[in-house]
file work.txt (compact mmCIF, C-alpha atoms)
# COMPACT_ATOMS: atom_id res chain seq x y z
CA MET Y 26 54.85 161.15 114.13
CA GLU Y 27 55.01 159.07 110.97
CA VAL Y 28 52.84 160.30 108.13
CA ASP Y 29 51.54 157.67 105.74
CA THR Y 30 51.85 159.18 102.28
CA ARG Y 31 50.80 156.04 100.43
CA PRO Y 32 47.66 156.30 98.28
CA GLY Y 33 44.52 155.32 100.17
CA ALA Y 34 42.34 152.32 99.46
CA ALA Y 35 39.76 154.46 97.66
CA GLU Y 36 42.40 155.93 95.36
CA LEU Y 37 43.89 152.51 94.61
CA LEU Y 38 40.49 150.99 93.98
CA ARG Y 39 39.59 153.74 91.52
CA ALA Y 40 42.91 153.25 89.71
CA ALA Y 41 42.47 149.47 89.64
CA GLU Y 42 38.98 149.85 88.19
CA LEU Y 43 40.50 151.83 85.36
CA GLY Y 44 42.86 148.97 84.62
CA ASP Y 45 45.92 150.03 86.64
CA ARG Y 46 47.46 146.64 87.48
CA ALA Y 47 50.05 148.15 89.78
CA ALA Y 48 47.21 149.57 91.88
CA TRP Y 49 45.58 146.14 92.01
CA ARG Y 50 48.87 144.54 93.08
CA GLU Y 51 49.24 147.16 95.81
CA LEU Y 52 45.70 146.46 97.04
CA VAL Y 53 46.47 142.74 97.12
CA ALA Y 54 49.78 143.25 98.93
CA ARG Y 55 48.21 145.59 101.46
CA HIS Y 56 45.01 143.72 102.28
CA THR Y 57 45.72 140.02 101.74
CA PRO Y 58 47.16 139.62 105.27
CA THR Y 59 43.77 140.73 106.63
CA VAL Y 60 41.88 138.31 104.37
CA TRP Y 61 44.31 135.53 105.33
CA ALA Y 62 43.92 136.30 109.04
CA VAL Y 63 40.11 136.16 108.81
CA ALA Y 64 40.26 132.80 107.00
CA ARG Y 65 42.77 131.36 109.49
CA SER Y 66 40.73 132.70 112.41
CA HIS Y 67 37.95 130.40 111.20
CA ARG Y 68 40.31 127.47 111.73
CA LEU Y 69 40.79 126.79 108.04
CA ASP Y 70 44.00 125.06 107.03
CA ARG Y 71 46.40 126.80 104.68
CA ALA Y 72 44.99 125.24 101.50
CA ASP Y 73 41.44 126.27 102.37
CA ALA Y 74 42.61 129.72 103.51
CA ALA Y 75 44.30 130.10 100.14
CA ASP Y 76 40.95 129.33 98.45
CA VAL Y 77 39.24 131.95 100.60
CA VAL Y 78 41.85 134.54 99.63
CA GLN Y 79 41.38 133.79 95.95
CA ASN Y 80 37.58 133.81 96.19
CA THR Y 81 37.58 137.05 98.16
CA TRP Y 82 39.66 138.87 95.57
CA LEU Y 83 37.50 137.37 92.81
CA SER Y 84 34.47 138.79 94.61
CA LEU Y 85 36.10 142.20 94.63
CA LEU Y 86 36.86 141.86 90.95
CA GLU Y 87 33.20 141.14 90.27
CA ASN Y 88 31.92 143.94 92.50
CA MET Y 89 34.53 146.65 92.06
CA ASN Y 90 32.15 149.23 90.71
CA ARG Y 91 29.56 148.49 93.35
CA ILE Y 92 31.63 149.20 96.48
CA HIS Y 93 29.66 152.00 98.15
CA ASP Y 94 32.45 153.14 100.45
CA PRO Y 95 35.88 152.48 98.88
CA ALA Y 96 37.59 153.91 101.97
CA ALA Y 97 36.17 150.99 103.95
CA LEU Y 98 37.61 148.42 101.54
CA ALA Y 99 39.48 146.53 104.28
CA ALA Y 100 36.21 145.97 106.13
CA TRP Y 101 34.45 144.87 102.92
CA LEU Y 102 37.24 142.37 102.23
CA ALA Y 103 37.21 141.08 105.82
CA THR Y 104 33.44 140.58 105.72
CA THR Y 105 33.61 138.89 102.33
CA ALA Y 106 36.43 136.63 103.55
CA ARG Y 107 34.26 135.65 106.51
CA ARG Y 108 31.38 134.70 104.18
CA HIS Y 109 33.67 132.61 101.98
CA SER Y 110 35.20 130.98 105.09
CA LEU Y 111 31.78 130.03 106.47
CA ARG Y 112 30.71 128.69 103.06
CA LEU Y 113 33.84 126.54 102.87
CA LEU Y 114 33.39 125.29 106.42
CA ALA Y 115 29.81 124.30 105.65
CA ALA Y 116 30.95 122.44 102.53
CA ARG Y 117 33.67 120.66 104.49
CA ARG Y 118 31.18 119.60 107.14
CA ARG Y 119 28.98 118.08 104.44
CA GLU Y 120 31.81 116.11 102.86
CA THR Y 121 33.97 115.18 105.89
CA PRO Y 122 32.80 112.86 108.68
CA ALA Y 123 33.22 114.44 112.12
CA ASP Y 124 35.87 111.96 113.24
CA GLU Y 125 38.00 112.88 110.27
CA ALA Y 126 37.71 116.59 110.88
CA ARG Y 127 40.56 118.72 109.72
CA LEU Y 128 43.54 119.35 111.93
CA ASP Y 129 43.14 122.01 114.50
CA LEU Y 130 44.90 125.21 113.53
CA ALA Y 131 46.97 125.34 116.70
CA GLU Y 132 48.04 121.73 116.22
CA ALA Y 133 48.88 122.31 112.58
CA ASP Y 134 51.01 125.26 113.51
CA ALA Y 135 52.77 123.55 116.39
CA ALA Y 136 55.53 122.37 114.07
CA ASP Y 137 56.17 125.94 113.08
CA VAL Y 138 57.30 126.75 116.59
CA ALA Y 139 60.59 125.16 115.62
CA VAL Y 140 61.29 127.98 113.24
CA LEU Y 141 60.65 130.74 115.75
CA ARG Y 142 63.45 133.23 115.74
CA ASP Y 143 64.22 133.27 119.43
CA VAL Y 144 63.07 132.28 122.88
CA ARG Y 145 61.06 135.47 123.30
CA ASP Y 146 58.97 134.70 120.23
CA GLY Y 147 58.58 131.13 121.40
CA VAL Y 148 57.22 132.24 124.76
CA LEU Y 149 54.77 134.66 123.18
CA TRP Y 150 53.61 132.07 120.62
CA ARG Y 151 53.04 129.42 123.28
CA ALA Y 152 51.09 131.94 125.35
CA PHE Y 153 49.02 132.84 122.27
CA THR Y 154 48.18 129.21 121.52
CA GLN Y 155 47.04 128.76 125.12
CA LEU Y 156 44.41 131.48 124.74
CA SER Y 157 40.82 130.49 124.10
CA GLU Y 158 39.80 129.97 120.50
CA HIS Y 159 37.65 133.09 120.72
CA CYS Y 160 40.61 135.20 121.89
CA GLN Y 161 42.82 133.85 119.14
CA ARG Y 162 40.19 134.66 116.49
CA VAL Y 163 39.70 138.22 117.67
CA LEU Y 164 43.40 138.95 118.11
CA ARG Y 165 44.34 137.46 114.73
CA VAL Y 166 41.98 139.84 112.94
CA VAL Y 167 42.79 142.88 115.10
CA VAL Y 168 46.58 142.52 114.78
CA HIS Y 169 46.47 142.11 111.01
CA SER Y 170 44.02 144.95 110.41
CA PRO Y 171 45.00 148.02 112.46
CA GLU Y 172 42.70 150.20 110.38
CA LEU Y 173 39.49 148.30 111.18
CA SER Y 174 37.07 149.80 113.70
CA TYR Y 175 35.35 147.76 116.40
CA GLN Y 176 32.24 147.70 114.21
CA GLN Y 177 34.20 146.34 111.25
CA VAL Y 178 36.04 143.73 113.34
CA ALA Y 179 32.68 142.65 114.80
CA THR Y 180 31.15 142.32 111.33
CA ALA Y 181 34.17 140.42 110.00
CA LEU Y 182 34.00 137.93 112.87
CA GLY Y 183 30.24 137.79 113.27
CA ILE Y 184 30.26 138.74 116.94
CA PRO Y 185 28.57 141.61 118.82
CA ILE Y 186 30.35 144.96 118.57
CA GLY Y 187 30.03 145.48 122.32
CA SER Y 188 32.24 142.49 123.00
CA ILE Y 189 35.21 143.53 120.82
CA GLY Y 190 36.78 146.11 123.16
CA PRO Y 191 36.41 144.07 126.36
CA THR Y 192 37.54 140.91 124.53
CA ARG Y 193 40.60 142.62 123.10
CA GLY Y 194 41.56 144.00 126.51
CA ARG Y 195 40.89 140.74 128.34
CA CYS Y 196 42.71 138.60 125.79
CA LEU Y 197 45.77 140.83 125.73
CA ALA Y 198 45.83 140.85 129.53
CA GLU Y 199 45.58 137.07 129.51
CA LEU Y 200 48.31 136.82 126.87
CA ARG Y 201 50.54 139.11 128.92
CA ARG Y 202 49.85 137.07 132.07
CA LYS Y 203 50.61 133.73 130.42
CA ALA Y 204 53.78 135.10 128.84
CA SER Y 205 54.80 136.65 132.17
CA LEU Y 206 54.62 133.25 133.81
CA SER Y 207 57.39 132.21 131.43
CA GLY Y 208 59.50 135.26 132.14
CA LEU Y 209 58.37 137.56 129.34
CA PHE Y 210 56.97 140.99 130.32
CA ARG Y 211 58.24 140.49 133.85
CA GLU Y 212 58.42 144.25 134.23
CA ASP Y 213 54.74 144.61 133.23
CA ALA Y 214 53.55 141.94 135.62
CA ARG Y 215 54.77 143.75 138.71
CA MET Q 19 30.49 158.99 111.50
CA THR Q 20 34.11 159.22 112.63
CA HIS Q 21 36.15 156.11 111.95
CA VAL Q 22 38.19 155.07 114.97
CA SER Q 23 40.36 152.00 114.57
CA ALA Q 24 40.51 149.27 117.19
CA TRP Q 25 44.22 149.96 117.58
CA ALA Q 26 43.64 153.64 118.26
CA LEU Q 27 41.37 152.72 121.16
CA ALA Q 28 44.01 150.52 122.76
CA GLY Q 29 46.39 151.88 125.37
CA ALA Q 30 50.12 152.24 124.69
CA LEU Q 31 51.01 148.92 126.38
CA ASP Q 32 48.34 147.03 124.48
CA ARG Q 33 49.37 148.65 121.19
CA ALA Q 34 52.97 147.59 121.79
CA LEU Q 35 51.82 144.02 122.43
CA LEU Q 36 49.59 144.07 119.34
CA LYS Q 37 52.59 145.17 117.25
CA GLN Q 38 54.73 142.40 118.72
CA LEU Q 39 52.00 139.86 118.07
CA ARG Q 40 51.62 141.10 114.52
CA VAL Q 41 55.30 140.56 113.79
CA LEU Q 42 55.10 137.12 115.38
CA LEU Q 43 51.99 135.96 113.53
CA CYS Q 44 53.28 137.29 110.21
CA GLY Q 45 56.45 135.26 110.82
CA ILE Q 46 54.74 132.05 111.90
CA ASP Q 47 51.71 132.13 109.65
CA PRO Q 48 52.65 134.30 106.68
CA VAL Q 49 50.56 134.56 103.57
CA PRO Q 50 52.21 132.06 101.20
CA PRO Q 51 53.89 133.88 98.26
CA ALA Q 52 51.98 131.68 95.81
CA VAL Q 53 48.70 132.91 97.29
CA LEU Q 54 49.77 136.53 96.88
CA MET Q 55 50.89 135.87 93.33
CA ALA Q 56 47.63 134.18 92.42
CA ALA Q 57 45.61 137.08 93.83
CA SER Q 58 47.86 139.61 92.06
CA SER Q 59 47.43 137.84 88.76
CA LEU Q 60 43.66 138.30 88.99
CA GLY Q 61 44.35 141.93 88.11
CA GLN Q 62 44.85 140.81 84.52
CA ARG Q 63 41.14 140.12 84.34
CA ILE Q 64 40.15 143.69 85.06
CA VAL Q 65 38.22 145.26 82.27
CA PRO Q 66 38.60 149.02 82.68
CA SER Q 67 35.21 150.39 83.59
CA ARG Q 68 33.53 153.49 84.79
CA ARG Q 69 32.28 153.51 88.34
CA VAL Q 70 28.51 153.10 88.61
CA MET Q 71 27.39 156.11 90.58
CA ALA Q 72 24.94 155.04 93.26
CA ASN Q 73 22.94 158.25 93.02
CA THR Q 74 22.88 158.55 89.28
CA VAL Q 75 19.41 158.48 87.75
CA LEU Q 76 19.38 157.59 84.10
CA ILE Q 77 16.68 159.37 82.17
CA GLY Q 78 15.52 158.44 78.70
call {"tool": "encode", "arguments": {"input": "work.txt", "output": "structure tokens"}}
result
Amino acid sequence: MEVDTRPGAAELLRAAELGDRAAWRELVARHTPTVWAVARSHRLDRADAADVVQNTWLSLLENMNRIHDPAALAAWLATTARRHSLRLLAARRRETPADEARLDLAEADAADVAVLRDVRDGVLWRAFTQLSEHCQRVLRVVVHSPELSYQQVATALGIPIGSIGPTRGRCLAELRRKASLSGLFREDAR
Amino acid sequence: MTHVSAWALAGALDRALLKQLRVLLCGIDPVPPAVLMAASSLGQRIVPSRRVMANTVLIG
């Protein structure tokens, strides 16, 4: 079994508070994928997701000495990213007429399929984009944040905790089924 | 309360698929390096401070 000997979030946060920039950089490197995933799961384009990332880390900067449970930093960041995402979405709705709404995330990413490494990735990606929006949101956050509990994922996404487990299971089953139809996971589908 | 991650509650097959999906999504939709750099540079604004203890009562 692999043992993670890296300093924990609480340790890094304490060091960062004391001015250790390397600790801050490590926090950013470790947790930005989660923040990014939460922003993208709210269907924000890359520019807006970048704003959410920046605002989320700014929020941490402003509240560093008020985090009650440093060990749960990933959950705090995910929840804060969700708030910033919702705020940005509300602002966009005010300033953008409905018929000029921003490009759908799946559509925006369709071009990226061209850079997929191989057929296997292509099949899995297509299957993923065929999932419901709800499934994509939940899976994006779960895959990027292995340390989050159901409660924390639920808070980050603003959905009931009771639905996380069943949704995760159902969405992965659906993903496996759709990918199997294209030849991937043939052995699992039997 | 014991912290149990969502991944820990998934079965072996689901965990394997989650890992595969993670690699895929990180490849297709990675965090842009400029975004990481901008967030990292915020560290320069940190003013070393002492943690405010939630249970500390200041007297006098």
call {"tool": "closest_atom_pairs", "arguments": {"input": "work.txt", "of": "chain Q", "to": "chain Y", "cutoff": "8 Å", "atoms": "all atoms listed in the file", "output": "JSON lines"}}
result
{"residue": "Q:His21", "atom": "CA", "partner": "Y:Ser174", "partner_atom": "CA", "distance": 6.6}
{"residue": "Q:Val22", "atom": "CA", "partner": "Y:Ser174", "partner_atom": "CA", "distance": 5.5}
{"residue": "Q:Ser23", "atom": "CA", "partner": "Y:Ser174", "partner_atom": "CA", "distance": 4.1}
{"residue": "Q:Ala24", "atom": "CA", "partner": "Y:Ser174", "partner_atom": "CA", "distance": 4.9}
{"residue": "Q:Trp25", "atom": "CA", "partner": "Y:Pro171", "partner_atom": "CA", "distance": 5.5}
{"residue": "Q:Ala28", "atom": "CA", "partner": "Y:Gly194", "partner_atom": "CA", "distance": 7.9}
{"residue": "Q:Asp32", "atom": "CA", "partner": "Y:Leu197", "partner_atom": "CA", "distance": 6.8}
{"residue": "Q:Leu35", "atom": "CA", "partner": "Y:Leu197", "partner_atom": "CA", "distance": 7.6}
{"residue": "Q:Leu36", "atom": "CA", "partner": "Y:Val168", "partner_atom": "CA", "distance": 5.7}
{"residue": "Q:Lys37", "atom": "CA", "partner": "Y:Val168", "partner_atom": "CA", "distance": 7.0}
{"residue": "Q:Leu39", "atom": "CA", "partner": "Y:Val168", "partner_atom": "CA", "distance": 6.9}
{"residue": "Q:Arg40", "atom": "CA", "partner": "Y:Val168", "partner_atom": "CA", "distance": 5.2}
{"residue": "Q:Leu42", "atom": "CA", "partner": "Y:Asp146", "partner_atom": "CA", "distance": 6.7}
{"residue": "Q:Leu43", "atom": "CA", "partner": "Y:Arg165", "partner_atom": "CA", "distance": 7.9}
{"residue": "Q:Gly45", "atom": "CA", "partner": "Y:Leu141", "partner_atom": "CA", "distance": 7.9}
{"residue": "Q:Ile46", "atom": "CA", "partner": "Y:Asp137", "partner_atom": "CA", "distance": 6.4}
{"residue": "Q:Asp47", "atom": "CA", "partner": "Y:Asp134", "partner_atom": "CA", "distance": 7.9}
{"residue": "Q:Pro48", "atom": "CA", "partner": "Y:Pro58", "partner_atom": "CA", "distance": 7.8}
{"residue": "Q:Val49", "atom": "CA", "partner": "Y:Pro58", "partner_atom": "CA", "distance": 6.3}
{"residue": "Q:Val53", "atom": "CA", "partner": "Y:Ala75", "partner_atom": "CA", "distance": 5.9}
{"residue": "Q:Leu54", "atom": "CA", "partner": "Y:Ala54", "partner_atom": "CA", "distance": 7.0}
{"residue": "Q:Ala56", "atom": "CA", "partner": "Y:Gln79", "partner_atom": "CA", "distance": 7.2}
{"residue": "Q:Ala57", "atom": "CA", "partner": "Y:Gln79", "partner_atom": "CA", "distance": 5.8}
{"residue": "Q:Ser58", "atom": "CA", "partner": "Y:Arg50", "partner_atom": "CA", "distance": 5.1}
{"residue": "Q:Leu60", "atom": "CA", "partner": "Y:Leu83", "partner_atom": "CA", "distance": 7.3}
{"residue": "Q:Gly61", "atom": "CA", "partner": "Y:Arg46", "partner_atom": "CA", "distance": 5.7}
{"residue": "Q:Gln62", "atom": "CA", "partner": "Y:Arg46", "partner_atom": "CA", "distance": 7.0}
{"residue": "Q:Ile64", "atom": "CA", "partner": "Y:Gly44", "partner_atom": "CA", "distance": 6.0}
{"residue": "Q:Val65", "atom": "CA", "partner": "Y:Gly44", "partner_atom": "CA", "distance": 6.4}
{"residue": "Q:Pro66", "atom": "CA", "partner": "Y:Leu43", "partner_atom": "CA", "distance": 4.3}
{"residue": "Q:Ser67", "atom": "CA", "partner": "Y:Leu43", "partner_atom": "CA", "distance": 5.8}
{"residue": "Q:Arg68", "atom": "CA", "partner": "Y:Leu43", "partner_atom": "CA", "distance": 7.2}
{"residue": "Q:Arg69", "atom": "CA", "partner": "Y:Asn90", "partner_atom": "CA", "distance": 4.9}
{"residue": "Q:Val70", "atom": "CA", "partner": "Y:Asn90", "partner_atom": "CA", "distance": 5.7}
{"residue": "Q:Ala72", "atom": "CA", "partner": "Y:His93", "partner_atom": "CA", "distance": 7.4}
call {"tool": "atom_distance", "arguments": {"input": "work.txt", "atom1": "atom CA of Y:Ala115", "atom2": "atom CA of Y:Ile184"}}
result
18.3 Å
call {"tool": "atom_distance", "arguments": {"input": "work.txt", "atom1": "atom CA of Y:Thr154", "atom2": "atom CA of Y:Pro185"}}
result
23.4 Å
call {"tool": "atom_distance", "arguments": {"input": "work.txt", "atom1": "atom CA of Y:Ala34", "atom2": "atom CA of Y:Leu85"}}
result
12.8 Å
call {"tool": "residues_near_point", "arguments": {"input": "work.txt", "point": "(31.7, 143.5, 102.9)", "cutoff": "10 Å", "atoms": "only C-alpha atoms", "output": "ChimeraX atom specification"}}
result
/Y:81,84-85,92-94,97-108,177,180-181
